[in-house]
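Contents: one structure, followed by commentary.
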Amino acid sequence: MSIIISNISKSYKKVNALKNISFDVKSGELFGLIGPDGAGKTTLFRILTTLLIANEGSAKVADFDVVSEYKSIRKSVGYMPGKFSLYQDLTVEENLEFFATIFGTTIDENYDLIKDIYVQIEPFKNRRAGKLSGGMKQKLALCCALIHKPKVLFLDEPTTGVDPVSRKEFWEMLKRLQQKGITILVSTPYMDEAALCDRIALIQDGEILEIDTPQAIVKHYPKQIYNVKANKMYQLINALNDYKYNHSVYPFGEFVHYTDSRMDFNSKDLEVYLESKNLSSIEIEETKPTIEDTFMELAK
Amino acid sequence: MKRFIGFIKKEFYHIFRDRRSLFILFGMPIAQIMLFGFAITNEINNIDIAVLDHSKDATTEEIIHKISASKYFSINQFINKESDIESVFKKGKVKAVLNFEKDFSKNLIKNHKANLQIITDATDPNTANTISNYVNAILIQYQKELNKNISIPYQIVPQTRMVYNPELKSVYMFVPGVMTIILMLVSAMMTSISITKEKELGTMEILLVSPIKPIQVIVGKVFPYIFLSVINAVVIVLLSIFIFKMPVQGSLFLLGLESILFIISALALGILISTISATQQTAMMISLMGLMLPVILLSGFIFPISSMPLPLQVISNIIPAKWFIIIIKGIMLKGVGLQYIWKETFILLGMTIFFIALSVKKYKIRLE
């Protein structure tokens, strides 16, 4: 086990950020912590990276206790905070060199680990970090977090505020790092990224809703979901919300994800109802649940 | 050690790339010394005065001539009636009015006594005082000339000698004070800002999750500023020697060592400030309000400590600047060696060690 979290609770002055959380991350796993803003993801990361002390419970990272053996953990993990936290007035190369030095290594020593990522930002190596684009900044931050060949990598919302193409590239990089034997704990508010993890934990209001592989989590979804579409989206949502048999209604791209509370649901009934509400070009078809649907169902 | 050098290298990058701060860092000492040296001065020169002469005789003319001949005064205008006195003061043209009574010369000869009224504008009390003293001195001199042939039976003749600053140049007083302020400001404010900057930008989070030790961070932050502050101290001393002709009577080496000691105590204070403030702005406010004001007001730089109320005198003892000003005044003006200032040095050293120990202890190894 690379990370063992047992019964961790943490509260700030007024809020209970984490409530009795326990889970394990296996060695070499790409583990996702999925939840909305304010769910407690960053607090958990800070406890695991020894920046905060939990009120209750204990945790181990790479076989070291997060409180008593914090110095050993600081040597062997890589941490990329949610906010871009590199020196903006230093160039790309200077940043990387600085982090290599304080971890007692050199760029050359671990170059093979960061090579794939670094070649993408190398053309800008003399540019100040503050002048890089969002995607570039994330790549540089990842390089800096990797330069000392950490056993465990903590990435706190690495793709927030990054364009879709860079996001995709970023996840491909994570997959490659995983193949090199690095355990990765990554948090994200984007449900679509969850499917790319080995296992995920859904977290909300400081509580874990469910932990499993993305496929299994989707399978646990209890109902049949329907994609509903009509000519007027806003009126459609209102109409569905007013429908007395509805179980859940969530807008999802160009469709509305709808589940019904009856066992013997017939899509014809719904179509008739919607037509009575002056909606036209109605389409209703079965679809598979996504992680977002599961999350919404669990968070209900 | 490599870690430490890497850290210091990074600090120098920060300092040299922040052009604006760098300009303030080196521009401020020069500007301040120039300001205090040239513009802000307690000396009086060519003060404009007005004369209301009711008698207009030979004696008054002679006195007026003597006063205007001195370099301290220039006669700006003559007025004719009492009611004009207030209006010239209100216009702000003159700082004093000399009012000779009617029949001045006649009275002097007949009654052995004549009256001259000196009216000064006391909106600036120091200047008013100095003006009246200077006019008095000129009058006494004139009286002596009048009484040349008469011997007064009993006479006390004061022989005043001003030592260490015979010409009473105010720059002699300002240089040690300004040096203290600058070193305090640069050292304490800059370090506290540079540490809180790391907190604000989130880089502190990464530094904490790394093998670098707290002491390496603290010393790494402090080291570049020791270097810069020493440069500042040298610039100030050179300016005062070459521009204001202020002699350094004592050993330059001792002056250097004492300055470094004071710089380190200020740096330690800076670190202490950074441990209690979360943002650069708070750090700056605390440095300015918490350090600058006491340094200016309570260190004895401008206002003599001995004339302060007792509680303030007690408080002034915990201000490092007070001891440093005593030390550098001693070395620069009196030319004393360590045997005369060991006590002050010892106090400063004790404070420095205390601040460093406290800041290392207060340095947070976690986020809260």
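Following the order of the structure tokens, first chain is A, next is B, and so on, with residues numbered from 1 inside each chain and ligands from 1 in the order they appear.
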Closest-contact table, chain B side, partner chain A, 8 Å, counting only C-alpha atoms, as CSV:
residue,atom,partner,partner_atom,distance
B:Lys2,CA,A:Thr101,CA,6.9
B:Arg3,CA,A:Ile102,CA,4.7
B:Phe4,CA,A:Ile102,CA,7.7
B:Gly6,CA,A:Thr101,CA,6.1
B:Phe7,CA,A:Phe98,CA,7.2
B:Lys10,CA,A:Phe98,CA,7.2
B:Tyr13,CA,A:Leu90,CA,7.2
B:His14,CA,A:Asp89,CA,6.7
B:Arg17,CA,A:Asp89,CA,7.0
B:Leu201,CA,A:Ser85,CA,6.2
B:Gly202,CA,A:Ser85,CA,5.0
B:Thr203,CA,A:Ser85,CA,4.8
B:Glu205,CA,A:Leu51,CA,7.5
B:Ile206,CA,A:Tyr79,CA,6.9
B:Leu208,CA,A:Leu51,CA,7.4
B:Val209,CA,A:Arg74,CA,4.8
B:Ser210,CA,A:Arg74,CA,4.9
B:Pro211,CA,A:Lys75,CA,5.2
B:Ile212,CA,A:Ile102,CA,6.1
B:Ile365,CA,A:Leu51,CA,7.7
B:Arg366,CA,A:Leu51,CA,4.6
B:Leu367,CA,A:Leu51,CA,5.3
B:Glu368,CA,A:Leu52,CA,6.7
List as a ChimeraX atom specification the protein and nucleic acid residues near Ala268 of chain B, meaning an atom at most 8 Å away when only C-alpha atoms are counted, but skip any in the same chain fewer than 4 places from it. /B:188,264,272,352,355-356,359
Limited to N, CA, C and O atoms, could you put the picked residues into a file as a short mmCIF file (atom, residue, chain, number, x, y, z; two decimals), in the first residue's frame?
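This went into selection.cif:
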data_model
loop_
_atom_site.label_atom_id
_atom_site.label_comp_id
_atom_site.auth_asym_id
_atom_site.auth_seq_id
_atom_site.Cartn_x
_atom_site.Cartn_y
_atom_site.Cartn_z
N ALA B 188 14.59 44.77 7.83
CA ALA B 188 13.39 44.16 8.40
C ALA B 188 12.26 44.06 7.39
O ALA B 188 11.65 43.01 7.20
N ILE B 264 21.83 42.37 11.41
CA ILE B 264 21.33 41.02 11.71
C ILE B 264 20.16 41.09 12.68
O ILE B 264 19.17 40.37 12.52
N LEU B 272 10.71 37.55 12.19
CA LEU B 272 9.69 37.44 13.22
C LEU B 272 8.37 38.03 12.72
O LEU B 272 7.29 37.44 12.90
N THR B 352 19.67 40.49 19.46
CA THR B 352 19.78 39.77 18.19
C THR B 352 19.60 38.27 18.41
O THR B 352 18.83 37.62 17.70
N PHE B 355 16.00 37.48 19.16
CA PHE B 355 15.12 37.53 17.99
C PHE B 355 15.32 36.32 17.08
O PHE B 355 14.37 35.73 16.57
N ILE B 356 16.58 35.96 16.88
CA ILE B 356 16.85 34.82 15.99
C ILE B 356 16.26 33.54 16.57
O ILE B 356 15.57 32.78 15.89
N SER B 359 12.55 33.58 16.22
CA SER B 359 12.01 33.40 14.87
C SER B 359 12.23 31.98 14.36
O SER B 359 11.40 31.45 13.64
#
In terms of the shortest atom-to-atom distance over only C-alpha atoms, which of B:Gly270, B:Ile218, B:Leu338, B:Leu183 is closest to Phe253 of chain B? B:Leu338
Nearest to Tyr226 of chain A, restricted to only C-alpha atoms and choosing among A:Leu270, A:Leu18, A:Met191, A:Leu146, comes out as A:Leu270
Excluding segment 135-138 of chain A and any residue of its chain fewer than 4 positions from it, enumerate the residues within 9 Å of it, using only C-alpha atoms, and give them as a PyMOL selection string. chain A and resi 80+84+86+120-121+129-131+142-143+158-159+161-163+165-167+170
From a DSSP calculation on the backbone, collect every residue of segment 106-139 of chain A in alpha helix (DSSP H) and output the set as a short mmCIF file (atom, residue, chain, number, x, y, z; two decimals) with N, CA, C and O atoms, in the first residue's frame.
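In the end it all went to result-v1.cif:
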data_model
loop_
_atom_site.label_atom_id
_atom_site.label_comp_id
_atom_site.auth_asym_id
_atom_site.auth_seq_id
_atom_site.Cartn_x
_atom_site.Cartn_y
_atom_site.Cartn_z
N TYR A 111 16.42 13.05 -15.84
CA TYR A 111 15.86 13.65 -17.04
C TYR A 111 14.90 12.71 -17.77
O TYR A 111 13.89 13.14 -18.31
N ASP A 112 15.20 11.40 -17.72
CA ASP A 112 14.35 10.45 -18.46
C ASP A 112 12.91 10.48 -17.96
O ASP A 112 11.98 10.25 -18.72
N LEU A 113 12.73 10.80 -16.67
CA LEU A 113 11.40 10.80 -16.09
C LEU A 113 10.56 11.97 -16.62
O LEU A 113 9.36 11.84 -16.86
N ILE A 114 11.22 13.12 -16.79
CA ILE A 114 10.46 14.31 -17.19
C ILE A 114 10.59 14.60 -18.68
O ILE A 114 9.95 15.51 -19.18
N LYS A 115 11.42 13.80 -19.37
CA LYS A 115 11.75 14.12 -20.76
C LYS A 115 10.51 14.38 -21.62
O LYS A 115 10.39 15.43 -22.27
N ASP A 116 9.54 13.44 -21.56
CA ASP A 116 8.34 13.55 -22.40
C ASP A 116 7.64 14.89 -22.20
O ASP A 116 7.10 15.47 -23.13
N ILE A 117 7.62 15.34 -20.95
CA ILE A 117 6.91 16.58 -20.65
C ILE A 117 7.79 17.78 -20.94
O ILE A 117 7.36 18.76 -21.52
N TYR A 118 9.06 17.64 -20.56
CA TYR A 118 9.93 18.80 -20.65
C TYR A 118 10.19 19.23 -22.09
O TYR A 118 10.30 20.42 -22.37
N VAL A 119 10.25 18.25 -23.02
CA VAL A 119 10.50 18.65 -24.41
C VAL A 119 9.43 19.60 -24.93
O VAL A 119 9.68 20.44 -25.78
N GLN A 120 8.22 19.48 -24.36
CA GLN A 120 7.15 20.36 -24.82
C GLN A 120 7.33 21.81 -24.36
O GLN A 120 6.86 22.73 -25.01
N ILE A 121 7.99 21.98 -23.23
CA ILE A 121 8.17 23.36 -22.75
C ILE A 121 9.60 23.85 -22.96
O ILE A 121 9.89 25.02 -22.72
N GLY A 134 -1.59 28.76 -19.35
CA GLY A 134 -2.05 27.87 -18.29
C GLY A 134 -1.56 26.44 -18.44
O GLY A 134 -1.06 25.84 -17.49
N GLY A 135 -1.66 25.89 -19.65
CA GLY A 135 -1.24 24.51 -19.88
C GLY A 135 0.25 24.32 -19.66
O GLY A 135 0.70 23.33 -19.07
N MET A 136 1.02 25.29 -20.14
CA MET A 136 2.49 25.25 -19.98
C MET A 136 2.86 25.28 -18.51
O MET A 136 3.76 24.58 -18.07
N LYS A 137 2.17 26.16 -17.77
CA LYS A 137 2.46 26.27 -16.34
C LYS A 137 2.27 24.92 -15.66
O LYS A 137 3.09 24.51 -14.84
N GLN A 138 1.17 24.23 -16.00
CA GLN A 138 0.90 22.94 -15.37
C GLN A 138 1.99 21.94 -15.72
O GLN A 138 2.42 21.16 -14.88
N LYS A 139 2.45 21.99 -16.97
CA LYS A 139 3.50 21.05 -17.37
C LYS A 139 4.78 21.32 -16.60
O LYS A 139 5.47 20.40 -16.14
#
Just checking: using only C-alpha atoms, which residue out of B:Ser74, B:Ser229, B:Ser83, B:Gln141 ends up closest to Thr191 of chain B? B:Ser229
As a list of chain:residue names, please: the residues near Ile131 of chain B (cut-off 9 Å, only C-alpha atoms, same-chain neighbours under 6 positions excluded).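 The residues that qualify are B:Ile44, B:Ile47, B:Tyr72, B:Phe73, B:Lys95, B:Ala96, B:Thr120.
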